[in-house]
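Q: What follows is structure_39.txt, compact mmCIF, C-alpha atoms.
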# COMPACT_ATOMS: atom_id res chain seq x y z
CA MET A 1406 17.05 -7.37 -21.72
CA THR A 1407 15.28 -10.39 -20.31
CA PHE A 1408 16.53 -12.33 -17.29
CA PRO A 1409 16.76 -16.07 -16.64
CA LEU A 1410 13.77 -17.45 -14.79
CA PRO A 1411 14.50 -19.45 -11.63
CA ALA A 1412 14.44 -23.23 -12.06
CA GLU A 1413 12.89 -23.58 -8.62
CA PRO A 1414 10.11 -23.24 -7.77
CA PRO A 1415 8.49 -24.31 -11.08
CA LEU A 1416 6.63 -21.48 -12.81
CA PRO A 1417 3.60 -21.55 -15.11
CA SER A 1418 3.77 -20.40 -18.72
CA GLY A 1419 4.23 -16.70 -19.30
CA ARG A 1420 6.03 -14.04 -21.27
CA PHE A 1421 8.27 -10.98 -20.89
CA GLU A 1422 7.00 -7.46 -21.51
CA PRO A 1423 8.82 -4.11 -21.34
CA ARG A 1424 8.19 -1.68 -18.53
CA GLY A 1425 10.30 1.36 -19.22
CA ASP A 1426 13.94 0.27 -19.35
CA VAL A 1427 13.35 -3.18 -17.85
CA GLU A 1428 11.61 -6.39 -18.84
CA VAL A 1429 9.05 -7.90 -16.48
CA TRP A 1430 7.87 -11.49 -16.66
CA PHE A 1431 4.12 -12.12 -16.45
CA SER A 1432 2.40 -15.45 -16.10
CA ASP A 1433 -0.39 -16.21 -18.55
CA GLU A 1434 -2.71 -17.01 -15.66
CA LEU A 1435 -2.54 -16.75 -11.90
CA PRO A 1436 -0.95 -20.02 -10.65
CA ASP A 1437 -3.24 -22.39 -8.75
CA ASP A 1438 -0.51 -22.96 -6.16
CA LEU A 1439 0.21 -19.25 -5.63
CA VAL A 1440 -0.10 -19.42 -1.83
CA GLU A 1441 2.61 -22.11 -1.63
CA LEU A 1442 4.67 -20.48 -4.38
CA TRP A 1443 4.80 -16.99 -2.87
CA PRO A 1444 7.11 -17.46 0.15
CA ARG A 1445 9.54 -19.48 -1.94
CA LEU A 1446 9.76 -16.72 -4.53
CA LEU A 1447 10.09 -14.06 -1.86
CA GLU A 1448 12.80 -15.92 0.04
CA SER A 1449 14.81 -16.47 -3.14
CA ALA A 1450 14.50 -12.83 -4.23
CA ASP A 1451 17.70 -11.87 -2.39
CA VAL A 1452 19.54 -14.19 -4.78
CA THR A 1453 17.50 -13.84 -7.98
CA GLY A 1454 16.66 -10.13 -7.64
CA LEU A 1455 13.13 -10.99 -8.78
CA TYR A 1456 10.19 -10.00 -6.60
CA PRO A 1457 6.69 -11.45 -7.04
CA PHE A 1458 3.79 -9.09 -7.62
CA ILE A 1459 0.10 -9.69 -8.38
CA CYS A 1460 -1.24 -7.29 -11.00
CA TRP A 1461 -3.10 -6.92 -14.27
CA ARG A 1462 -0.59 -7.26 -17.07
CA ASP A 1463 -2.68 -5.01 -19.33
CA ASP A 1464 -3.24 -2.26 -16.76
CA PRO A 1465 -2.09 1.19 -17.90
CA HIS A 1466 1.42 1.72 -16.60
CA ARG A 1467 3.81 4.61 -16.00
CA PRO A 1468 7.19 3.40 -14.69
CA GLU A 1469 8.70 5.78 -12.18
CA ASP A 1470 12.30 6.99 -12.11
CA LEU A 1471 13.67 5.67 -8.81
CA SER A 1472 16.06 8.61 -8.56
CA GLU A 1473 13.00 10.71 -7.72
CA VAL A 1474 12.27 8.34 -4.85
CA ASP A 1475 15.90 8.45 -3.68
CA ALA A 1476 15.69 12.25 -3.45
CA ILE A 1477 12.73 12.29 -1.06
CA ARG A 1478 13.51 13.19 2.55
CA LEU A 1479 10.53 11.40 3.99
CA ASP A 1480 10.38 12.88 7.49
CA ALA A 1481 10.61 16.46 6.20
CA VAL A 1482 8.04 15.88 3.44
CA LEU A 1483 5.54 14.30 5.83
CA ALA A 1484 6.03 17.08 8.38
CA ALA A 1485 5.06 19.68 5.76
CA ASP A 1486 2.19 17.52 4.48
CA PHE A 1487 0.80 17.06 7.99
CA ALA A 1488 0.89 20.81 8.68
CA GLU A 1489 -1.19 21.42 5.54
CA TYR A 1490 -3.50 18.45 6.22
CA ARG A 1491 -4.12 19.65 9.80
CA ARG A 1492 -4.83 23.19 8.61
CA ARG A 1493 -7.55 21.90 6.28
CA ARG A 1494 -9.08 19.36 8.64
CA LEU A 1495 -8.89 21.14 12.00
CA PRO A 1496 -12.29 22.88 11.63
CA TYR A 1497 -13.92 19.45 11.37
CA TRP A 1498 -11.83 17.81 14.11
CA SER A 1499 -12.45 20.56 16.65
CA ASN A 1500 -16.20 20.87 16.08
CA PRO A 1501 -18.40 17.81 16.75
CA ALA A 1502 -21.24 19.59 14.94
CA ALA A 1503 -19.15 19.25 11.77
CA ALA A 1504 -20.30 15.63 11.70
CA ASP A 1505 -23.51 17.01 10.19
CA VAL A 1506 -21.57 18.79 7.45
CA LEU A 1507 -20.08 16.98 4.49
CA PRO A 1508 -16.41 17.76 3.72
CA ASP A 1509 -15.59 19.99 0.76
CA SER A 1510 -14.21 16.95 -1.08
CA VAL A 1511 -17.76 15.61 -1.64
CA PRO A 1512 -18.96 16.85 -5.08
CA ASP A 1513 -22.05 19.05 -5.10
CA ASP A 1514 -23.98 16.75 -7.43
CA VAL A 1515 -23.79 13.80 -5.01
CA ARG A 1516 -24.24 15.59 -1.67
CA GLU A 1517 -27.96 14.87 -1.40
CA TYR A 1518 -27.28 11.14 -1.70
CA VAL A 1519 -24.53 10.98 0.96
CA GLU A 1520 -25.14 10.53 4.68
CA PRO A 1521 -23.35 13.01 6.98
CA TRP A 1522 -19.99 11.73 8.11
CA PRO A 1523 -19.41 10.63 11.72
CA HIS A 1524 -17.43 13.07 13.82
CA ASP A 1525 -13.68 12.50 13.55
CA PRO A 1526 -11.55 14.04 16.32
CA GLY A 1527 -8.49 13.54 14.10
CA PRO A 1528 -4.98 12.48 15.12
CA PRO A 1529 -3.89 13.28 18.70
CA PHE A 1530 -0.96 15.40 17.47
CA GLU A 1531 -0.65 19.16 17.14
CA SER A 1532 2.57 18.87 15.15
CA TRP A 1533 4.30 16.15 13.17
CA PRO A 1534 5.36 13.48 15.71
CA GLY A 1535 8.02 11.95 13.47
CA LEU A 1536 8.06 8.53 11.86
CA ALA A 1537 6.69 5.72 14.01
CA ALA A 1538 9.27 3.43 15.57
CA GLY A 1539 9.74 0.07 13.90
CA GLY A 1540 7.63 -2.88 14.98
CA ALA A 1541 9.13 -4.96 17.76
CA ASP A 1542 11.11 -7.97 16.53
CA THR A 1543 10.61 -10.45 19.36
CA GLY A 1544 11.96 -13.42 17.43
CA ALA A 1545 8.69 -15.23 18.06
CA GLY A 1546 6.63 -13.55 15.35
CA VAL A 1547 6.13 -14.37 11.69
CA SER A 1548 8.76 -13.78 9.05
CA ALA A 1549 8.25 -11.36 6.17
CA ALA A 1550 7.71 -14.32 3.82
CA GLN A 1551 5.13 -15.90 6.16
CA ALA A 1552 3.25 -12.62 6.54
CA ALA A 1553 3.22 -12.20 2.76
CA GLN A 1554 1.93 -15.75 2.30
CA ARG A 1555 -0.95 -15.02 4.67
CA ALA A 1556 -1.74 -11.82 2.80
CA VAL A 1557 -1.84 -13.67 -0.52
CA GLU A 1558 -4.16 -16.30 0.95
CA GLU A 1559 -6.49 -13.62 2.33
CA LEU A 1560 -6.45 -11.72 -0.94
CA LEU A 1561 -7.39 -14.81 -2.94
CA GLY A 1562 -10.24 -15.50 -0.54
CA ASP A 1563 -11.60 -11.97 -0.21
CA GLU A 1564 -11.03 -10.21 -3.54
CA PRO A 1565 -12.86 -11.73 -6.55
CA PHE A 1566 -11.04 -9.57 -9.12
CA VAL A 1567 -7.65 -10.97 -8.07
CA HIS A 1568 -8.41 -14.16 -9.99
CA THR A 1569 -8.25 -12.18 -13.24
CA CYS A 1570 -4.72 -11.01 -12.43
CA GLN A 1571 -1.30 -12.36 -13.39
CA LEU A 1572 1.80 -13.12 -11.38
CA ALA A 1573 4.69 -10.83 -12.25
CA LEU A 1574 8.38 -11.30 -11.49
CA VAL A 1575 9.95 -7.87 -11.28
CA PRO A 1576 13.72 -7.18 -11.29
CA ALA A 1577 14.20 -4.93 -8.28
CA ARG A 1578 16.55 -4.24 -5.38
CA ARG A 1579 13.67 -4.49 -2.92
CA SER A 1580 9.99 -5.26 -2.73
CA ALA A 1581 9.08 -1.63 -2.03
CA ASP A 1582 10.31 -0.53 -5.48
CA VAL A 1583 8.15 -2.98 -7.42
CA PRO A 1584 5.08 -0.72 -8.00
CA ALA A 1585 7.32 2.07 -9.29
CA ILE A 1586 9.24 -0.25 -11.61
CA VAL A 1587 6.09 -1.88 -12.98
CA GLY A 1588 4.53 1.56 -13.26
CA TRP A 1589 1.40 0.73 -11.30
CA ALA A 1590 -0.82 3.58 -12.47
CA ALA A 1591 -3.24 4.72 -9.79
CA GLU A 1592 -3.95 8.19 -8.49
CA ALA A 1593 -1.29 7.60 -5.85
CA PRO A 1594 1.72 9.94 -5.63
CA LEU A 1595 4.04 7.11 -6.63
CA PRO A 1596 7.41 8.61 -5.59
CA LEU A 1597 6.11 9.46 -2.10
CA LEU A 1598 4.33 6.12 -1.80
CA THR A 1599 7.48 4.24 -2.80
CA ALA A 1600 9.49 6.17 -0.21
CA LEU A 1601 6.90 5.21 2.41
CA LEU A 1602 6.97 1.57 1.29
CA ARG A 1603 10.77 1.51 1.61
CA SER A 1604 10.54 2.90 5.12
CA TRP A 1605 7.76 0.50 6.12
CA GLU A 1606 9.82 -2.36 4.71
CA GLU A 1607 12.67 -1.44 7.04
CA ARG A 1608 10.59 -0.62 10.12
CA PHE A 1609 7.71 -3.12 9.91
CA GLY A 1610 8.89 -5.92 7.63
CA ALA A 1611 6.43 -4.81 4.96
CA ARG A 1612 6.33 -6.45 1.54
CA VAL A 1613 4.33 -5.37 -1.48
CA VAL A 1614 1.91 -8.11 -2.54
CA SER A 1615 -0.42 -6.74 -5.20
CA GLY A 1616 -1.40 -3.66 -7.15
CA PHE A 1617 -4.30 -3.73 -9.60
CA GLY A 1618 -6.92 -1.17 -10.42
CA GLY A 1619 -6.53 1.51 -7.76
CA ALA A 1620 -5.73 -0.84 -4.86
CA LEU A 1621 -2.41 -1.80 -3.29
CA THR A 1622 -1.94 -4.62 -0.75
CA VAL A 1623 1.02 -4.80 1.62
CA SER A 1624 1.91 -7.58 4.06
CA VAL A 1625 3.37 -6.68 7.45
CA ALA A 1626 5.57 -8.92 9.58
CA ARG A 1627 5.94 -6.60 12.61
CA PRO A 1628 2.76 -4.52 13.04
CA PRO A 1629 2.27 -2.11 15.95
CA LEU A 1630 1.13 -3.85 19.13
CA ASP A 1631 -0.36 -0.94 21.08
CA VAL A 1632 -2.60 2.03 20.31
CA PRO A 1633 -0.08 4.90 20.75
CA HIS A 1634 2.30 3.19 18.31
CA ALA A 1635 -0.56 2.52 15.90
CA GLU A 1636 -1.72 6.15 16.05
CA GLN A 1637 1.67 7.40 14.93
CA LEU A 1638 1.75 4.87 12.09
CA ALA A 1639 -1.85 5.64 11.11
CA LEU A 1640 -0.84 9.24 10.49
CA GLU A 1641 1.69 8.00 7.93
CA HIS A 1642 -1.10 6.02 6.27
CA VAL A 1643 -3.26 9.15 6.14
CA LEU A 1644 -0.45 11.13 4.51
CA SER A 1645 -0.06 8.48 1.80
CA THR A 1646 -3.19 10.23 0.37
CA ALA A 1647 -5.04 6.90 -0.04
CA ASP A 1648 -8.79 7.53 -0.23
CA ASN A 1649 -9.75 4.64 2.04
CA ILE A 1650 -7.75 5.90 5.01
CA VAL A 1651 -10.42 7.56 7.23
CA ASP A 1652 -12.26 8.99 4.20
CA ASP A 1653 -13.75 6.09 2.21
CA PRO A 1654 -15.68 4.77 4.02
CA PRO A 1655 -15.71 7.62 6.57
CA THR A 1656 -13.79 6.32 9.58
CA PRO A 1657 -12.79 8.37 12.64
CA PHE A 1658 -9.01 8.44 12.99
CA PRO A 1659 -8.98 6.64 16.40
CA GLU A 1660 -11.03 3.80 14.93
CA TYR A 1661 -8.68 3.42 11.98
CA ALA A 1662 -5.59 3.52 14.22
CA ASN A 1663 -7.01 0.92 16.63
CA GLY A 1664 -7.56 -1.39 13.67
CA LEU A 1665 -3.84 -1.38 12.86
CA VAL A 1666 -2.86 -3.02 16.15
CA GLY A 1667 -1.61 -6.50 15.29
CA ARG A 1668 -2.83 -6.28 11.69
CA HIS A 1669 -0.59 -8.13 9.22
CA GLN A 1670 -2.14 -6.75 6.03
CA TRP A 1671 -2.52 -3.13 4.96
CA ARG A 1672 -4.73 -2.18 2.05
CA PHE A 1673 -4.75 1.17 0.28
CA TRP A 1674 -6.84 2.40 -2.59
CA TRP A 1675 -7.23 5.51 -4.66
CA ASP A 1676 -10.48 6.28 -6.46
Hey, can you dump this file as structure tokens for me?

A:
Amino acid sequence: MTFPLPAEPPLPSGRFEPRGDVEVWFSDELPDDLVELWPRLLESADVTGLYPFICWRDDPHRPEDLSEVDAIRLDAVLAADFAEYRRRRLPYWSNPAAADVLPDSVPDDVREYVEPWPHDPGPPFESWPGLAAGGADTGAGVSAAQAAQRAVEELLGDEPFVHTCQLALVPARRSADVPAIVGWAAEAPLPLLTALLRSWEERFGARVVSGFGGALTVSVARPPLDVPHAEQLALEHVLSTADNIVDDPPTPFPEYANGLVGRHQWRFWWD
């Protein structure tokens, strides 16, 4: 079943396509005025139930059953995941000489072409510290729509492949569910990622902006403002399993965490 398109703001030409049990509207081309259009679409989504998303219409897709996301107990899942992650990584974290040894994840046939990784001391936690507290809402910061608009502008300026994408309007209860509904098909564990996105939406004012190829972009209205807060959040990013978090390119955990302080855009990708 298709849905009525909003009269305002004006939309370019496009068409509906099925994604599982729902219909998603895709523009024929990415609108020239997308930066101005985005916050208006996002602000009206509470009324229309339609969330904007930048993607490739013809990407392979596997819509996810949201009941699987509803069943995830995020704190418990991440606690178990961190215990296993720490068990595997601790030999490298505790031994600076391990900087001269490539991790087991590097395939044998490419090892001779890869420089040794810099030493990573890992997260400053011996056990799961719990979910990071939400970003401070001082009333003087940017809104979720403003943060998303900035992220769209940066994406259009920095990512050449985005100009081959389409704008999608996705019927959803919240922005965090959009990748699962569209069926964004990366190597990401989509139920866990969607649960994380829901939690980040509530705690940090996060909004999903784009998902094409193996990359996902998220805007953030209330990022962490100090290093201890950012370290706890960075651990959640690590446990998303995204390849670019500390692994690609190799980035010591403290360096990655420091980079989250005040950052209004998060980018994840899976190879």

Q: Restricting the calculation to only C-alpha atoms: of A:Ala1550, A:Leu1601, A:Ile1477, A:Val1567, which residue gets closest to Glu1448 (chain A)?

A: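 Closest candidate: A:Ala1550.
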
Q: Enter the distance from CA of Val1666 (chain A) to CA of Glu1636 (chain A), in Å, rounded to one decimal.

A: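 A separation of 9.2 Å between them.
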
Q: Counting only C-alpha atoms, which residue out of A:Ala1573, A:Glu1558, A:Glu1660, A:Val1482 sits closest to Leu1416 (chain A)?

A: A:Ala1573

Q: From the set A:Asp1463, A:Glu1559, A:Asp1433, A:Asp1525, which residue has the shortest atom-to-atom contact distance to Leu1572 (chain A), counting all atoms listed in the file?

A: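 Smallest separation from Leu1572 (chain A) among the options: A:Asp1433.
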
Q: Here's a test: counting only C-alpha atoms, identify every protein, DNA and RNA residue with an atom at most 6 Å from (1.7, -9.6, -2.4) in the file's coordinate frame, and state them as a list in words.

A: Phe1458, Ala1553, Val1557, Val1613, Val1614 and Ser1615 of chain A

Q: When you draw a straight line from CA of Leu1595 (chain A) to CA of Val1474 (chain A), how long is it in Å?

A: 8.5 Å

Q: Region 1616-1620 of chain A: which residues within 6 Å, counting all atoms listed in the file, same-chain residues fewer than 2 positions away excluded, as JSON, numbers by chain?

A: {"A": [1460, 1461, 1591, 1673, 1674, 1675]}

Q: Taking 6 positions as the minimum chain separation for residues in the same chain, which residues sit within 12 Å of Ala1502 (chain A) when counting all atoms listed in the file? Answer as a ChimeraX atom specification.

A: /A:1496,1521-1526

Q: Just the residues within 9 Å of region 1527-1537 of chain A, please, counting all atoms listed in the file, with nothing from its chain fewer than 4 positions along; format it as a PyMOL selection string.

A: chain A and resi 1479-1481+1483-1485+1487-1488+1491+1494-1495+1497-1499+1608+1634-1641+1657-1659

Q: For Pro1468 (chain A), which residue out of A:Val1452, A:Ala1549, A:Leu1410, A:Val1583 is the nearest one, using all atoms listed in the file?

A: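 Comparing A:Val1452, A:Ala1549, A:Leu1410, A:Val1583 against Pro1468 (chain A), the winner is A:Val1583.
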
Q: How would you write as a PyMOL selection string the residues that get within 6 Å of (-2.4, -11.0, 5.8) in the file's frame, counting only C-alpha atoms?

A: chain A and resi 1552+1555-1556+1559+1624+1669-1670

Q: Considering only C-alpha atoms, can you say which of A:Ser1449, A:Ser1432, A:Thr1656, A:Thr1569 comes closest to Glu1413 (chain A)?

A: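 Closest residue, counting only C-alpha atoms: A:Ser1449.
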
Q: What is the distance, in Å and to one decimal place, between CA of Val1429 (chain A) and CA of Thr1407 (chain A)?

A: 7.7 Å

Q: Identify which of the residues A:Leu1447, A:Ala1647, A:Leu1471, A:Val1632 lies closest to Leu1665 (chain A), counting all atoms listed in the file when measuring atom-to-atom distances.

A: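 Of A:Leu1447, A:Ala1647, A:Leu1471, A:Val1632, the one nearest Leu1665 (chain A) is A:Val1632, counting all atoms listed in the file.
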
Q: When you look at Leu1598 (chain A) with a cut-off of 9 Å (counting only C-alpha atoms), what residues show up, excluding the ones that are within fewer than 5 positions of it in the same chain? I need them as a list of chain:residue names.

A: A:Val1474, A:Ala1593, A:Arg1603, A:Ser1645, A:Thr1646

Q: Compile the contact shell of Arg1424 (chain A) as a ChimeraX atom specification: residues with an atom at most 6 Å away, counting only C-alpha atoms, same-chain residues fewer than 2 positions apart removed.

A: /A:1427-1428,1587

Q: Dump C-alpha atoms for the selected residues as a tab-separated table (two decimals), in the frame of the given file?

A:
chain	number	residue	atom	x	y	z
A	1427	VAL	CA	13.35	-3.18	-17.85
A	1428	GLU	CA	11.61	-6.39	-18.84
A	1587	VAL	CA	6.09	-1.88	-12.98
